[in-house]
Amino acid sequence: MNWIEAPCAAPSARHRDAALAHQGQLTKPPGSLGRLEQVAVDFAGWQSTAQPVLERIAVRVFAADHGISRQGVSAFPAEVTAQMIANFCRGGAAISVLSRDMGADFAVVNLGTFEPVSDAPGLHNLQLAPGSGDFSSGPALNEALLEACLEAGRSQVDALDCELFIAGDMGIGNTTSAAALCAAQLAWDAQAVTGRGTGIDTATLQHKRQLIDTALARHRARPDNPLRNLRCLGGLEIAAICGAYLRCAQRGIPILVDGFIATAAALVAAAINPGLRPWLLAAHCSDENAHARVLAAMHLRPLLDLGMRLGEGSGAAVAVPLLRSALALHRDMATFVQAEVNAGATPE
Ligand SMILES: O=C(O)c1ccc[n+]([C@@H]2O[C@H](COP(=O)([O-])O)[C@@H](O)[C@H]2O)c1
Ligand SMILES: Cc1cc2nc[nH]c2cc1C
């Protein structure tokens, strides 16, 4: 498992500087395209080029069941995880539609559901375990399973040829795991991290909070041991997303981070290997209660806030047109000199 701490790539400061200078020459008041200018500069640094492009996008939805779902923490039954895997592969889920719409390379990775699922086109049916363990009574994963999940994420990314990576998640109960991981990494209590997930009522929310606080104490969760936190409180798909993100940063592939679960994975992965940080771009702020707070703690500023709370990578997918707009503007706008527009320097 030594690979996870291997050095990450570094974005090119020279190309970032050149892109920033180019933005200053385009026919607009400096800074007037706001975040779109920063996105273009980020891509120039990520791709080490003056003219970044965004054609090849890879979407991988990582799915798994969660032992903690047996404690009644979700508005939906655990069978939905397996049912949605089939829906992703048939093309009917939100992320299937969005991936088609943006011409992405799309696949689903089943790390392990309670009941095995049938093979389907576009499904990497790994079934490493029948879901994770219930972390209210023991660790979610054992060492071997944690390693296998990280490796599964890594091998997905090793097989890619793309300019942007989106990880989606699917797993009934996984907002409980993600919340526990955020609390563990940030030394916060359950109150600060727990939300309504798929839409639980207030009594269930209270129960979810109590389970998280008890689990944090039981597993003696501490920010300085992210791998242990991931093993004790994580899930199969969350660990795989961590592995995928780490490999992206090592290979120099930028990561468009989706919602609360993807952000929890990024938080843990960045604690494992801080070189990951410059490869993260937060797509959106989910309606899941703690997402805004966790993004702020990570100094990540989301591009969108649409009240979405679906997961699957859907919040990241809807931000892709913005990224493409940013790069088209950077590439195709005229400069002040080309357009013979007065650049606005005031004469003495
Ligand atoms: O990504 C998010 O911000 C997000 C917020 C709330 C729910 N979800 C999705 O809903 C499922 C988890 O919700 P729950 O209530 O079962 O913990 C899981 O499949 C997630 O993809 C996702
Ligand atoms: C239907 C459904 C779709 C989902 N996609 C991601 N999480 C989900 C949870 C449910 C319940």
# chains A, B, ... in the order shown; residues from 1 in each chain; ligands from 1
$ residues_near_ligand --ligand "ligand 1" --cutoff "6 Å" --atoms "only C-alpha atoms and all ligand atoms" --output "list of chain:residue names"
A:Ser74, A:Ala75, A:Asp169, A:Met170, A:Gly171, A:Ile172, A:Gly173, A:Asn174, A:Thr175, A:Thr176, A:Gly197, A:Thr198, A:Gly259, A:Phe260, A:Ile261, A:Ser286, A:Glu288, A:Arg309, A:Leu310, A:Gly311, A:Glu312
$ residues_around --residues "A:Arg324" --least-positions-apart "5" --cutoff "12 Å" --atoms "only C-alpha atoms" --output "PyMOL selection string"
chain A and resi 36-37+39-40+43+52-57+102+163-164+317-319+329-332
$ closest_residue --among "A:Gln156, A:Ser118, A:Asn87, A:Asn229" --to "ligand 2" --atoms "only C-alpha atoms and all ligand atoms"
A:Asn87
$ residues_around --residues "A:Ala262" --least-positions-apart "3" --cutoff "8 Å" --atoms "only C-alpha atoms" --output "PyMOL selection string"
chain A and resi 167-169+238+241+257-259+265-266
$ residues_around --residues "A:Gln206" --least-positions-apart "6" --cutoff "12 Å" --atoms "only C-alpha atoms" --output "ChimeraX atom specification"
/A:72-73,176,190-191,194-196,200,212-213
$ write_last_selection --atoms "C-alpha atoms" --output "PDB file, in the first residue's frame"
ATOM      1  CA  GLY A  72     -31.893   2.567  10.190  1.00  0.00           C
ATOM      2  CA  VAL A  73     -29.989   5.695   9.111  1.00  0.00           C
ATOM      3  CA  THR A 176     -23.410   8.352   7.791  1.00  0.00           C
ATOM      4  CA  ALA A 190     -21.568  14.544  15.040  1.00  0.00           C
ATOM      5  CA  GLN A 191     -23.723  17.654  15.372  1.00  0.00           C
ATOM      6  CA  THR A 194     -24.688  14.995  10.230  1.00  0.00           C
ATOM      7  CA  GLY A 195     -27.341  15.727   7.623  1.00  0.00           C
ATOM      8  CA  ARG A 196     -30.526  14.217   6.243  1.00  0.00           C
ATOM      9  CA  ILE A 200     -34.589  11.219   6.882  1.00  0.00           C
ATOM     10  CA  ILE A 212     -21.801   8.783  14.839  1.00  0.00           C
ATOM     11  CA  ASP A 213     -20.772  10.259  18.197  1.00  0.00           C
TER      12      ASP A 213
END
$ select_by_dssp --residues "stretch 38-170 of chain A" --states "strand (DSSP E)" --output "VMD selection string"
chain A and resid 57 to 64 105 to 112 123 to 125 164 to 170
$ atom_distance --atom1 "atom CA of A:Cys248" --atom2 "atom CA of A:Ile272"
13.9 Å
$ closest_residue --among "A:Gln51, A:Gln83, A:Thr113, A:Ser132" --to "ligand 2" --atoms "only C-alpha atoms and all ligand atoms"
A:Gln83
$ select_by_dssp --residues "stretch 265-340 of chain A" --states "alpha helix (DSSP H)" --output "ChimeraX atom specification"
/A:265-272,291-297,314-317,320-332,336-339
$ write_last_selection --atoms "C-alpha atoms" --output "CSV table (one decimal), in the first residue's frame"
chain,number,residue,atom,x,y,z
A,265,ALA,CA,-13.1,11.0,0.3
A,266,ALA,CA,-11.0,14.0,-0.8
A,267,LEU,CA,-10.6,15.1,2.8
A,268,VAL,CA,-9.2,11.7,3.8
A,269,ALA,CA,-7.1,11.3,0.7
A,270,ALA,CA,-5.5,14.7,1.1
A,271,ALA,CA,-4.7,13.8,4.7
A,272,ILE,CA,-3.0,10.7,3.4
A,291,HIS,CA,-21.1,20.0,2.9
A,292,ALA,CA,-20.6,23.8,2.9
A,293,ARG,CA,-18.8,23.6,6.2
A,294,VAL,CA,-16.4,20.8,5.2
A,295,LEU,CA,-15.6,22.5,1.8
A,296,ALA,CA,-14.8,25.7,3.7
A,297,ALA,CA,-12.6,23.8,6.1
A,314,SER,CA,-24.2,14.4,-10.8
A,315,GLY,CA,-23.2,17.7,-9.2
A,316,ALA,CA,-19.8,17.5,-10.9
A,317,ALA,CA,-21.3,16.5,-14.2
A,320,VAL,CA,-18.6,20.5,-16.8
A,321,PRO,CA,-20.3,23.0,-19.3
A,322,LEU,CA,-18.9,25.8,-17.2
A,323,LEU,CA,-15.4,24.4,-17.4
A,324,ARG,CA,-15.8,24.1,-21.2
A,325,SER,CA,-17.0,27.7,-21.4
A,326,ALA,CA,-14.0,28.8,-19.4
A,327,LEU,CA,-11.6,27.1,-21.7
A,328,ALA,CA,-13.4,28.3,-24.9
A,329,LEU,CA,-13.2,31.9,-23.7
A,330,HIS,CA,-9.5,31.5,-22.8
A,331,ARG,CA,-8.7,30.0,-26.2
A,332,ASP,CA,-11.0,32.0,-28.6
A,336,PHE,CA,-7.1,44.1,-27.0
A,337,VAL,CA,-4.4,44.3,-29.7
A,338,GLN,CA,-6.1,41.9,-32.1
A,339,ALA,CA,-9.5,43.6,-31.8
